[in-house]
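Structure below is run_20.cif: mmCIF, C-alpha atoms, pLDDT in the B column; chains and numbers go by the auth columns.
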```cif
data_coords
loop_
_atom_site.group_PDB
_atom_site.id
_atom_site.type_symbol
_atom_site.label_atom_id
_atom_site.label_comp_id
_atom_site.label_asym_id
_atom_site.label_seq_id
_atom_site.Cartn_x
_atom_site.Cartn_y
_atom_site.Cartn_z
_atom_site.B_iso_or_equiv
_atom_site.auth_seq_id
_atom_site.auth_asym_id
ATOM 1 C CA MET A 1 224.918 15.750 -18.380 82.00 17 A
ATOM 2 C CA LYS A 2 221.682 14.778 -20.110 93.00 18 A
ATOM 3 C CA THR A 3 219.537 17.519 -21.619 95.00 19 A
ATOM 4 C CA ARG A 4 216.740 16.774 -19.155 96.00 20 A
ATOM 5 C CA ASP A 5 219.074 17.295 -16.204 97.00 21 A
ATOM 6 C CA LYS A 6 220.464 20.465 -17.765 97.00 22 A
ATOM 7 C CA ILE A 7 216.931 21.848 -18.051 98.00 23 A
ATOM 8 C CA LEU A 8 216.225 21.155 -14.376 98.00 24 A
ATOM 9 C CA LEU A 9 219.521 22.674 -13.267 97.00 25 A
ATOM 10 C CA ALA A 10 219.105 25.782 -15.434 97.00 26 A
ATOM 11 C CA SER A 11 215.489 26.210 -14.331 98.00 27 A
ATOM 12 C CA LEU A 12 216.469 26.049 -10.675 97.00 28 A
ATOM 13 C CA GLU A 13 219.181 28.625 -11.243 97.00 29 A
ATOM 14 C CA LEU A 14 216.846 31.011 -13.081 97.00 30 A
ATOM 15 C CA PHE A 15 213.972 30.537 -10.624 96.00 31 A
ATOM 16 C CA ASN A 16 216.290 31.328 -7.721 95.00 32 A
ATOM 17 C CA GLU A 17 217.782 34.373 -9.428 94.00 33 A
ATOM 18 C CA ARG A 18 214.692 35.934 -10.994 93.00 34 A
ATOM 19 C CA GLY A 19 211.728 34.367 -9.248 91.00 35 A
ATOM 20 C CA GLU A 20 209.649 31.568 -10.751 94.00 36 A
ATOM 21 C CA ARG A 21 206.900 33.880 -12.038 93.00 37 A
ATOM 22 C CA ASN A 22 209.447 35.904 -14.021 95.00 38 A
ATOM 23 C CA VAL A 23 210.857 32.909 -15.887 97.00 39 A
ATOM 24 C CA THR A 24 209.159 31.224 -18.855 96.00 40 A
ATOM 25 C CA THR A 25 210.039 28.045 -20.684 96.00 41 A
ATOM 26 C CA ASN A 26 211.354 30.250 -23.494 97.00 42 A
ATOM 27 C CA HIS A 27 213.736 31.915 -21.031 97.00 43 A
ATOM 28 C CA ILE A 28 214.968 28.500 -19.932 97.00 44 A
ATOM 29 C CA ALA A 29 215.453 27.310 -23.501 97.00 45 A
ATOM 30 C CA ALA A 30 217.309 30.487 -24.446 97.00 46 A
ATOM 31 C CA HIS A 31 219.511 30.194 -21.372 97.00 47 A
ATOM 32 C CA LEU A 32 220.516 26.693 -22.511 97.00 48 A
ATOM 33 C CA ALA A 33 220.720 27.653 -26.179 96.00 49 A
ATOM 34 C CA ILE A 34 218.221 24.948 -27.126 96.00 50 A
ATOM 35 C CA SER A 35 214.940 25.206 -29.011 96.00 51 A
ATOM 36 C CA PRO A 36 211.641 25.400 -27.091 95.00 52 A
ATOM 37 C CA GLY A 37 210.654 22.205 -28.895 96.00 53 A
ATOM 38 C CA ASN A 38 213.654 20.423 -27.407 96.00 54 A
ATOM 39 C CA LEU A 39 212.579 21.560 -23.943 97.00 55 A
ATOM 40 C CA TYR A 40 208.986 20.430 -24.510 96.00 56 A
ATOM 41 C CA TYR A 41 210.277 17.026 -25.584 96.00 57 A
ATOM 42 C CA HIS A 42 211.395 16.526 -21.979 97.00 58 A
ATOM 43 C CA PHE A 43 208.766 18.564 -20.089 96.00 59 A
ATOM 44 C CA ARG A 44 205.227 19.435 -21.155 95.00 60 A
ATOM 45 C CA ASN A 45 205.218 22.768 -19.327 96.00 61 A
ATOM 46 C CA LYS A 46 206.808 24.797 -16.558 96.00 62 A
ATOM 47 C CA SER A 47 204.675 23.110 -13.902 96.00 63 A
ATOM 48 C CA ASP A 48 206.242 19.770 -14.770 97.00 64 A
ATOM 49 C CA ILE A 49 209.694 21.299 -14.360 97.00 65 A
ATOM 50 C CA ILE A 50 208.787 22.758 -10.954 97.00 66 A
ATOM 51 C CA TYR A 51 207.330 19.452 -9.835 97.00 67 A
ATOM 52 C CA GLU A 52 210.490 17.563 -10.794 97.00 68 A
ATOM 53 C CA ILE A 53 212.626 20.139 -8.984 97.00 69 A
ATOM 54 C CA PHE A 54 210.487 19.653 -5.884 97.00 70 A
ATOM 55 C CA LEU A 55 211.027 15.880 -6.058 97.00 71 A
ATOM 56 C CA GLU A 56 214.780 16.492 -6.043 97.00 72 A
ATOM 57 C CA TYR A 57 214.443 18.850 -3.080 97.00 73 A
ATOM 58 C CA GLU A 58 212.287 16.312 -1.268 95.00 74 A
ATOM 59 C CA LYS A 59 214.893 13.564 -1.714 95.00 75 A
ATOM 60 C CA LEU A 60 217.618 15.892 -0.462 94.00 76 A
ATOM 61 C CA VAL A 61 215.773 16.787 2.745 94.00 77 A
ATOM 62 C CA ASP A 62 214.829 13.144 3.350 92.00 78 A
ATOM 63 C CA PHE A 63 218.529 12.280 3.094 92.00 79 A
ATOM 64 C CA TYR A 64 219.502 15.056 5.514 91.00 80 A
ATOM 65 C CA LEU A 65 216.895 13.994 8.077 89.00 81 A
ATOM 66 C CA ASP A 66 217.899 10.346 8.205 86.00 82 A
ATOM 67 C CA ILE A 67 217.989 9.936 11.993 87.00 83 A
ATOM 68 C CA PRO A 68 220.448 7.346 13.383 81.00 84 A
ATOM 69 C CA GLY A 69 218.597 4.671 15.309 81.00 85 A
ATOM 70 C CA SER A 70 221.554 2.658 16.562 85.00 86 A
ATOM 71 C CA ARG A 71 223.360 5.331 18.584 90.00 87 A
ATOM 72 C CA ALA A 72 222.767 8.406 20.708 91.00 88 A
ATOM 73 C CA LEU A 73 222.228 11.780 19.066 93.00 89 A
ATOM 74 C CA THR A 74 225.059 14.308 19.448 94.00 90 A
ATOM 75 C CA LEU A 75 225.266 18.082 19.175 95.00 91 A
ATOM 76 C CA GLU A 76 227.262 17.521 15.999 95.00 92 A
ATOM 77 C CA ASP A 77 224.259 15.649 14.576 94.00 93 A
ATOM 78 C CA LEU A 78 221.938 18.490 15.572 95.00 94 A
ATOM 79 C CA THR A 79 224.222 21.052 13.940 96.00 95 A
ATOM 80 C CA PHE A 80 224.373 18.942 10.774 94.00 96 A
ATOM 81 C CA TYR A 81 220.574 18.702 10.586 95.00 97 A
ATOM 82 C CA LEU A 82 220.088 22.439 11.007 96.00 98 A
ATOM 83 C CA GLU A 83 222.893 23.473 8.651 96.00 99 A
ATOM 84 C CA SER A 84 221.783 20.968 6.009 95.00 100 A
ATOM 85 C CA VAL A 85 218.113 21.937 6.116 95.00 101 A
ATOM 86 C CA PHE A 86 218.945 25.622 5.750 96.00 102 A
ATOM 87 C CA ASP A 87 221.412 24.813 2.958 96.00 103 A
ATOM 88 C CA GLY A 88 218.537 23.044 1.227 95.00 104 A
ATOM 89 C CA LEU A 89 216.308 26.067 1.724 95.00 105 A
ATOM 90 C CA TRP A 90 218.961 28.214 0.094 96.00 106 A
ATOM 91 C CA SER A 91 219.544 25.904 -2.863 96.00 107 A
ATOM 92 C CA TYR A 92 215.783 25.754 -3.566 96.00 108 A
ATOM 93 C CA ARG A 93 214.864 29.182 -2.216 94.00 109 A
ATOM 94 C CA PHE A 94 212.496 30.080 -5.056 94.00 110 A
ATOM 95 C CA PHE A 95 210.161 27.371 -3.831 93.00 111 A
ATOM 96 C CA HIS A 96 209.672 28.845 -0.374 89.00 112 A
ATOM 97 C CA ARG A 97 209.495 32.412 -1.646 87.00 113 A
ATOM 98 C CA ASP A 98 206.220 31.708 -3.411 86.00 114 A
ATOM 99 C CA LEU A 99 205.071 28.472 -1.829 90.00 115 A
ATOM 100 C CA GLU A 100 201.337 29.169 -1.550 91.00 116 A
ATOM 101 C CA TYR A 101 201.070 30.200 -5.201 92.00 117 A
ATOM 102 C CA LEU A 102 202.991 27.141 -6.388 94.00 118 A
ATOM 103 C CA LEU A 103 200.864 24.748 -4.337 95.00 119 A
ATOM 104 C CA ASP A 104 197.661 26.352 -5.596 95.00 120 A
ATOM 105 C CA SER A 105 198.895 25.984 -9.173 92.00 121 A
ATOM 106 C CA ASP A 106 199.565 22.237 -9.122 95.00 122 A
ATOM 107 C CA PRO A 107 197.435 19.629 -7.295 96.00 123 A
ATOM 108 C CA ARG A 108 200.293 17.096 -7.517 96.00 124 A
ATOM 109 C CA LEU A 109 202.615 19.481 -5.760 96.00 125 A
ATOM 110 C CA ARG A 110 200.029 20.339 -3.116 96.00 126 A
ATOM 111 C CA ARG A 111 199.442 16.646 -2.362 97.00 127 A
ATOM 112 C CA ASP A 112 203.125 15.729 -2.244 97.00 128 A
ATOM 113 C CA TYR A 113 204.082 18.773 -0.210 97.00 129 A
ATOM 114 C CA ARG A 114 201.488 17.846 2.413 96.00 130 A
ATOM 115 C CA GLU A 115 203.034 14.382 2.700 96.00 131 A
ATOM 116 C CA PHE A 116 206.518 15.921 2.736 96.00 132 A
ATOM 117 C CA THR A 117 205.510 18.243 5.584 96.00 133 A
ATOM 118 C CA ASN A 118 204.108 15.385 7.639 96.00 134 A
ATOM 119 C CA ARG A 119 207.280 13.384 7.074 95.00 135 A
ATOM 120 C CA CYS A 120 209.468 16.309 8.139 95.00 136 A
ATOM 121 C CA LEU A 121 207.353 16.886 11.242 96.00 137 A
ATOM 122 C CA GLY A 122 207.812 13.228 12.110 95.00 138 A
ATOM 123 C CA ALA A 123 211.584 13.557 11.696 95.00 139 A
ATOM 124 C CA ILE A 124 211.669 16.665 13.902 96.00 140 A
ATOM 125 C CA ARG A 125 209.679 14.883 16.608 95.00 141 A
ATOM 126 C CA GLN A 126 212.141 12.003 16.401 94.00 142 A
ATOM 127 C CA ILE A 127 215.062 14.415 16.762 95.00 143 A
ATOM 128 C CA PHE A 128 213.487 15.831 19.928 96.00 144 A
ATOM 129 C CA GLU A 129 212.995 12.304 21.253 95.00 145 A
ATOM 130 C CA LYS A 130 216.622 11.438 20.534 95.00 146 A
ATOM 131 C CA MET A 131 217.786 14.704 22.135 96.00 147 A
ATOM 132 C CA ALA A 132 215.895 13.768 25.291 96.00 148 A
ATOM 133 C CA GLU A 133 217.364 10.253 25.271 95.00 149 A
ATOM 134 C CA ALA A 134 220.851 11.766 24.899 95.00 150 A
ATOM 135 C CA GLY A 135 220.237 14.081 27.857 96.00 151 A
ATOM 136 C CA ILE A 136 220.435 17.275 25.787 97.00 152 A
ATOM 137 C CA ILE A 137 216.888 18.345 26.637 97.00 153 A
ATOM 138 C CA GLU A 138 214.416 17.266 29.285 97.00 154 A
ATOM 139 C CA HIS A 139 211.811 14.665 28.409 95.00 155 A
ATOM 140 C CA GLN A 140 208.554 16.290 27.295 92.00 156 A
ATOM 141 C CA PRO A 141 204.922 15.237 27.116 95.00 157 A
ATOM 142 C CA VAL A 142 203.845 14.102 23.662 94.00 158 A
ATOM 143 C CA GLU A 143 201.603 17.160 23.184 96.00 159 A
ATOM 144 C CA LEU A 144 204.454 19.558 23.934 96.00 160 A
ATOM 145 C CA ARG A 145 206.874 17.704 21.683 95.00 161 A
ATOM 146 C CA GLU A 146 204.386 17.861 18.805 96.00 162 A
ATOM 147 C CA ALA A 147 203.807 21.581 19.361 97.00 163 A
ATOM 148 C CA MET A 148 207.551 22.275 19.448 96.00 164 A
ATOM 149 C CA SER A 149 208.072 20.259 16.271 97.00 165 A
ATOM 150 C CA LEU A 150 205.435 22.312 14.497 97.00 166 A
ATOM 151 C CA ASN A 151 206.984 25.558 15.762 97.00 167 A
ATOM 152 C CA VAL A 152 210.386 24.491 14.468 97.00 168 A
ATOM 153 C CA TRP A 153 208.889 23.686 11.063 96.00 169 A
ATOM 154 C CA LEU A 154 207.116 27.053 10.964 96.00 170 A
ATOM 155 C CA VAL A 155 210.338 28.914 11.741 96.00 171 A
ATOM 156 C CA ILE A 156 212.314 27.002 9.125 95.00 172 A
ATOM 157 C CA THR A 157 209.794 27.371 6.307 93.00 173 A
ATOM 158 C CA ASN A 158 208.857 31.003 7.052 93.00 174 A
ATOM 159 C CA TRP A 159 212.191 32.527 7.993 92.00 175 A
ATOM 160 C CA MET A 160 212.893 33.588 4.409 90.00 176 A
ATOM 161 C CA ALA A 161 209.520 35.315 4.138 88.00 177 A
ATOM 162 C CA PHE A 162 210.192 37.104 7.429 89.00 178 A
ATOM 163 C CA LEU A 163 213.523 38.448 6.196 87.00 179 A
ATOM 164 C CA LYS A 164 211.953 39.613 2.950 82.00 180 A
ATOM 165 C CA THR A 165 208.946 41.342 4.538 83.00 181 A
ATOM 166 C CA ALA A 166 210.063 42.517 7.972 77.00 182 A
ATOM 167 C CA HIS A 167 213.308 43.972 6.663 65.00 183 A
ATOM 168 C CA ALA A 168 211.919 45.114 3.311 56.00 184 A
ATOM 169 C CA LEU A 169 214.649 43.587 1.172 57.00 185 A
ATOM 170 C CA ASP A 170 214.889 45.433 -2.135 56.00 186 A
ATOM 171 C CA ASP A 171 215.022 42.198 -4.104 59.00 187 A
ATOM 172 C CA ASP A 172 215.397 38.481 -3.529 59.00 188 A
ATOM 173 C CA ASN A 173 219.042 38.529 -4.583 68.00 189 A
ATOM 174 C CA SER A 174 219.963 40.785 -1.646 77.00 190 A
ATOM 175 C CA LEU A 175 219.356 37.863 0.711 86.00 191 A
ATOM 176 C CA THR A 176 222.489 35.938 1.666 90.00 192 A
ATOM 177 C CA LEU A 177 223.014 32.399 2.911 93.00 193 A
ATOM 178 C CA THR A 178 224.456 33.789 6.144 92.00 194 A
ATOM 179 C CA GLU A 179 221.254 35.764 6.800 91.00 195 A
ATOM 180 C CA LEU A 180 219.144 32.740 6.003 93.00 196 A
ATOM 181 C CA LYS A 181 221.109 30.571 8.433 95.00 197 A
ATOM 182 C CA GLN A 182 220.426 33.055 11.201 95.00 198 A
ATOM 183 C CA GLY A 183 217.106 31.246 11.378 95.00 199 A
ATOM 184 C CA ILE A 184 219.004 28.497 13.200 97.00 200 A
ATOM 185 C CA TYR A 185 219.250 30.899 16.152 97.00 201 A
ATOM 186 C CA GLN A 186 215.450 31.023 16.287 96.00 202 A
ATOM 187 C CA VAL A 187 215.147 27.237 16.124 97.00 203 A
ATOM 188 C CA LEU A 188 217.620 26.747 18.966 97.00 204 A
ATOM 189 C CA THR A 189 215.859 29.438 20.987 97.00 205 A
ATOM 190 C CA LEU A 190 212.748 27.246 21.027 96.00 206 A
ATOM 191 C CA GLU A 191 214.786 24.569 22.809 96.00 207 A
ATOM 192 C CA VAL A 192 216.369 26.833 25.453 97.00 208 A
ATOM 193 C CA PRO A 193 213.701 26.315 28.184 96.00 209 A
ATOM 194 C CA TYR A 194 214.171 22.536 28.000 97.00 210 A
ATOM 195 C CA LEU A 195 217.976 22.260 27.950 97.00 211 A
ATOM 196 C CA THR A 196 219.564 20.132 30.652 97.00 212 A
ATOM 197 C CA PRO A 197 222.310 21.685 32.815 97.00 213 A
ATOM 198 C CA ALA A 198 224.860 19.318 31.291 96.00 214 A
ATOM 199 C CA TYR A 199 224.310 20.688 27.782 97.00 215 A
ATOM 200 C CA ARG A 200 222.995 24.197 28.334 97.00 216 A
ATOM 201 C CA GLU A 201 226.321 26.011 27.964 97.00 217 A
ATOM 202 C CA ARG A 202 227.288 24.130 24.800 97.00 218 A
ATOM 203 C CA VAL A 203 223.919 24.649 23.101 97.00 219 A
ATOM 204 C CA MET A 204 223.872 28.335 24.037 98.00 220 A
ATOM 205 C CA ALA A 205 227.348 28.731 22.535 97.00 221 A
ATOM 206 C CA LEU A 206 226.174 26.989 19.358 97.00 222 A
ATOM 207 C CA ARG A 207 223.100 29.227 19.233 97.00 223 A
ATOM 208 C CA GLU A 208 225.237 32.358 19.571 97.00 224 A
ATOM 209 C CA LYS A 209 227.046 31.530 16.310 96.00 225 A
ATOM 210 C CA TYR A 210 223.817 32.208 14.421 96.00 226 A
ATOM 211 C CA ARG A 211 222.648 35.346 16.239 93.00 227 A
ATOM 212 C CA PRO A 212 220.768 37.526 13.680 87.00 228 A
ATOM 213 C CA VAL A 213 223.148 40.409 13.041 78.00 229 A
ATOM 214 C CA MET A 214 220.520 42.326 11.069 58.00 230 A
ATOM 215 C CA MET A 215 218.100 42.491 13.977 49.00 231 A
ATOM 216 C CA GLN A 216 220.885 43.238 16.439 47.00 232 A
ATOM 217 C CA ALA A 217 222.022 46.203 14.352 48.00 233 A
ATOM 218 C CA GLU A 218 218.497 47.579 14.052 50.00 234 A
ATOM 219 C CA ALA A 219 217.905 47.214 17.791 45.00 235 A
#
```

Kindly transcribe the structure held in the file into structure tokens.
Amino acid sequence: MKTRDKILLASLELFNERGERNVTTNHIAAHLAISPGNLYYHFRNKSDIIYEIFLEYEKLVDFYLDIPGSRALTLEDLTFYLESVFDGLWSYRFFHRDLEYLLDSDPRLRRDYREFTNRCLGAIRQIFEKMAEAGIIEHQPVELREAMSLNVWLVITNWMAFLKTAHALDDDNSLTLTELKQGIYQVLTLEVPYLTPAYRERVMALREKYRPVMMQAEA
């Protein structure tokens, strides 16, 4: 692996474990047993590292949300999209833990994240369209489909913050991938009122697999 790639991988690991604000370029260099000068040869500063990590995350999500145009959408496709997106959230969780601060700190990131959001919203709308064509959900007016797409995006991107604040997690490392994926239950809940009779039982069974155990225990 090239030194540049090692720096990105180590930075992602440290940001996820400790939080981006608690990690300096010196920490990254020490973690890799390289000199700070060697790190600065590849990246001018920490912002450049974060930006490059975001570009990798962006490519990953774009790959996950590649919607098939030549065939009908299946429940297996829907499960793959949801699982993959939440896997991506987990792998790059530092980014969504402190998103507003990171976007305010780098105009490049703020610009690209806006475009990324619009692209993801478009993909979600397309998924809803394909679900309607496949008979999984009822056809919806454009305004409703756009509102549902936005609600899905809000759940996905804010579920981690909800777990951290509403349940007062002691530290970021106490969050697990299983807890994060319980957000899929919330996403599927948004679709419940529009399920067709032919698919309702199957989607409800899929939804039940992700029921938030934490909230159930507290209730």

Please determine, counting all atoms listed in the file, which residue among A:Ile153, A:Leu105, A:Leu98, A:Met147 has the shortest atom-to-atom distance to Asn174 (chain A).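 Residue with the minimum atom-to-atom distance to Asn174 (chain A): A:Leu105.
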
Have a look at CA of Arg135 (chain A) and CA of Leu25 (chain A) and let me know their distance in Å, one decimal. 25.5 Å

Mind pulling up the distance from CA of Phe70 (chain A) to CA of Leu48 (chain A)? 20.7 Å

Select, from A:Leu191, A:Val219, A:Ile83, A:Leu166, the residue with the minimum atom-to-atom distance to Asn32 (chain A), counting all atoms listed in the file. A:Leu191

What residues come out when you apply the PyMOL selection byres ((chain A and resi 24) around 12) to this file, written as a short mmCIF file (atom, residue, chain, number, x, y, z; two decimals) with C-alpha atoms, in the frame of the given file?
```cif
data_model
loop_
_atom_site.label_atom_id
_atom_site.label_comp_id
_atom_site.auth_asym_id
_atom_site.auth_seq_id
_atom_site.Cartn_x
_atom_site.Cartn_y
_atom_site.Cartn_z
CA MET A 17 224.92 15.75 -18.38
CA LYS A 18 221.68 14.78 -20.11
CA THR A 19 219.54 17.52 -21.62
CA ARG A 20 216.74 16.77 -19.16
CA ASP A 21 219.07 17.30 -16.20
CA LYS A 22 220.46 20.46 -17.76
CA ILE A 23 216.93 21.85 -18.05
CA LEU A 25 219.52 22.67 -13.27
CA ALA A 26 219.10 25.78 -15.43
CA SER A 27 215.49 26.21 -14.33
CA LEU A 28 216.47 26.05 -10.68
CA GLU A 29 219.18 28.62 -11.24
CA LEU A 30 216.85 31.01 -13.08
CA PHE A 31 213.97 30.54 -10.62
CA THR A 41 210.04 28.04 -20.68
CA ILE A 44 214.97 28.50 -19.93
CA ALA A 45 215.45 27.31 -23.50
CA HIS A 47 219.51 30.19 -21.37
CA LEU A 48 220.52 26.69 -22.51
CA LEU A 55 212.58 21.56 -23.94
CA HIS A 58 211.40 16.53 -21.98
CA PHE A 59 208.77 18.56 -20.09
CA LYS A 62 206.81 24.80 -16.56
CA SER A 63 204.68 23.11 -13.90
CA ASP A 64 206.24 19.77 -14.77
CA ILE A 65 209.69 21.30 -14.36
CA ILE A 66 208.79 22.76 -10.95
CA TYR A 67 207.33 19.45 -9.84
CA GLU A 68 210.49 17.56 -10.79
CA ILE A 69 212.63 20.14 -8.98
CA PHE A 70 210.49 19.65 -5.88
CA LEU A 71 211.03 15.88 -6.06
CA GLU A 72 214.78 16.49 -6.04
CA TYR A 73 214.44 18.85 -3.08
CA TYR A 108 215.78 25.75 -3.57
#
```

Between A:Leu115, A:Leu125, A:Leu211, A:Leu204, which is the closest to Met176 (chain A) once you count only C-alpha atoms? A:Leu115

Test item: residues at most 7 Å from region 192-201 of chain A, only C-alpha atoms, excluding those fewer than 3 positions along its chain, as an mmCIF file with C-alpha atoms, keeping the file's coordinate frame:
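The result, written out as selection_14.cif:
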```cif
data_model
loop_
_atom_site.group_PDB
_atom_site.id
_atom_site.type_symbol
_atom_site.label_atom_id
_atom_site.label_comp_id
_atom_site.auth_asym_id
_atom_site.auth_seq_id
_atom_site.Cartn_x
_atom_site.Cartn_y
_atom_site.Cartn_z
ATOM 1 C CA LEU A 98 220.088 22.439 11.007
ATOM 2 C CA PHE A 102 218.945 25.622 5.750
ATOM 3 C CA TRP A 106 218.961 28.214 0.094
ATOM 4 C CA ILE A 172 212.314 27.002 9.125
ATOM 5 C CA TRP A 175 212.191 32.527 7.993
ATOM 6 C CA MET A 176 212.893 33.588 4.409
ATOM 7 C CA LEU A 204 217.620 26.747 18.966
ATOM 8 C CA THR A 205 215.859 29.438 20.987
ATOM 9 C CA ARG A 223 223.100 29.227 19.233
ATOM 10 C CA TYR A 226 223.817 32.208 14.421
ATOM 11 C CA ARG A 227 222.648 35.346 16.239
ATOM 12 C CA PRO A 228 220.768 37.526 13.680
#
```

Residues within 12 Å of (218.3, 5.6, 15.8), counting only C-alpha atoms, listed as a PyMOL selection string: chain A and resi 81-90+93+139+142-143+145-147+149-150

Go ahead and compute the interatomic distance for CA of Gly35 (chain A) and CA of His112 (chain A), in Å to one decimal.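 Taking CA of Gly35 (chain A) and CA of His112 (chain A), their separation equals 10.7 Å.
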
In the coordinate frame of the file, compute which residues have an atom within 10 Å of (206.1, 15.8, 12.3) when using all atoms listed in the file, and state them as an NGL selection string. :A and (132-142 or 161-166 or 168-169)

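Of the residues under consideration (A:Tyr117, A:Tyr80, A:Tyr56, A:Tyr210), A:Tyr210 shows the shortest atom-to-atom contact distance to Pro157 (chain A) when counting only C-alpha atoms.
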
Identify which of the residues A:Ser107, A:Ser121, A:Asn54, A:Thr173 lies closest to Val203 (chain A), counting all atoms listed in the file when measuring atom-to-atom distances.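 Among A:Ser107, A:Ser121, A:Asn54, A:Thr173, it is A:Thr173 that comes nearest to Val203 (chain A).
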
So, with only C-alpha atoms as the atoms that count, which of A:Leu222, A:Gly151, A:Gly104, A:Thr181 lies closest to Glu92 (chain A)? A:Leu222
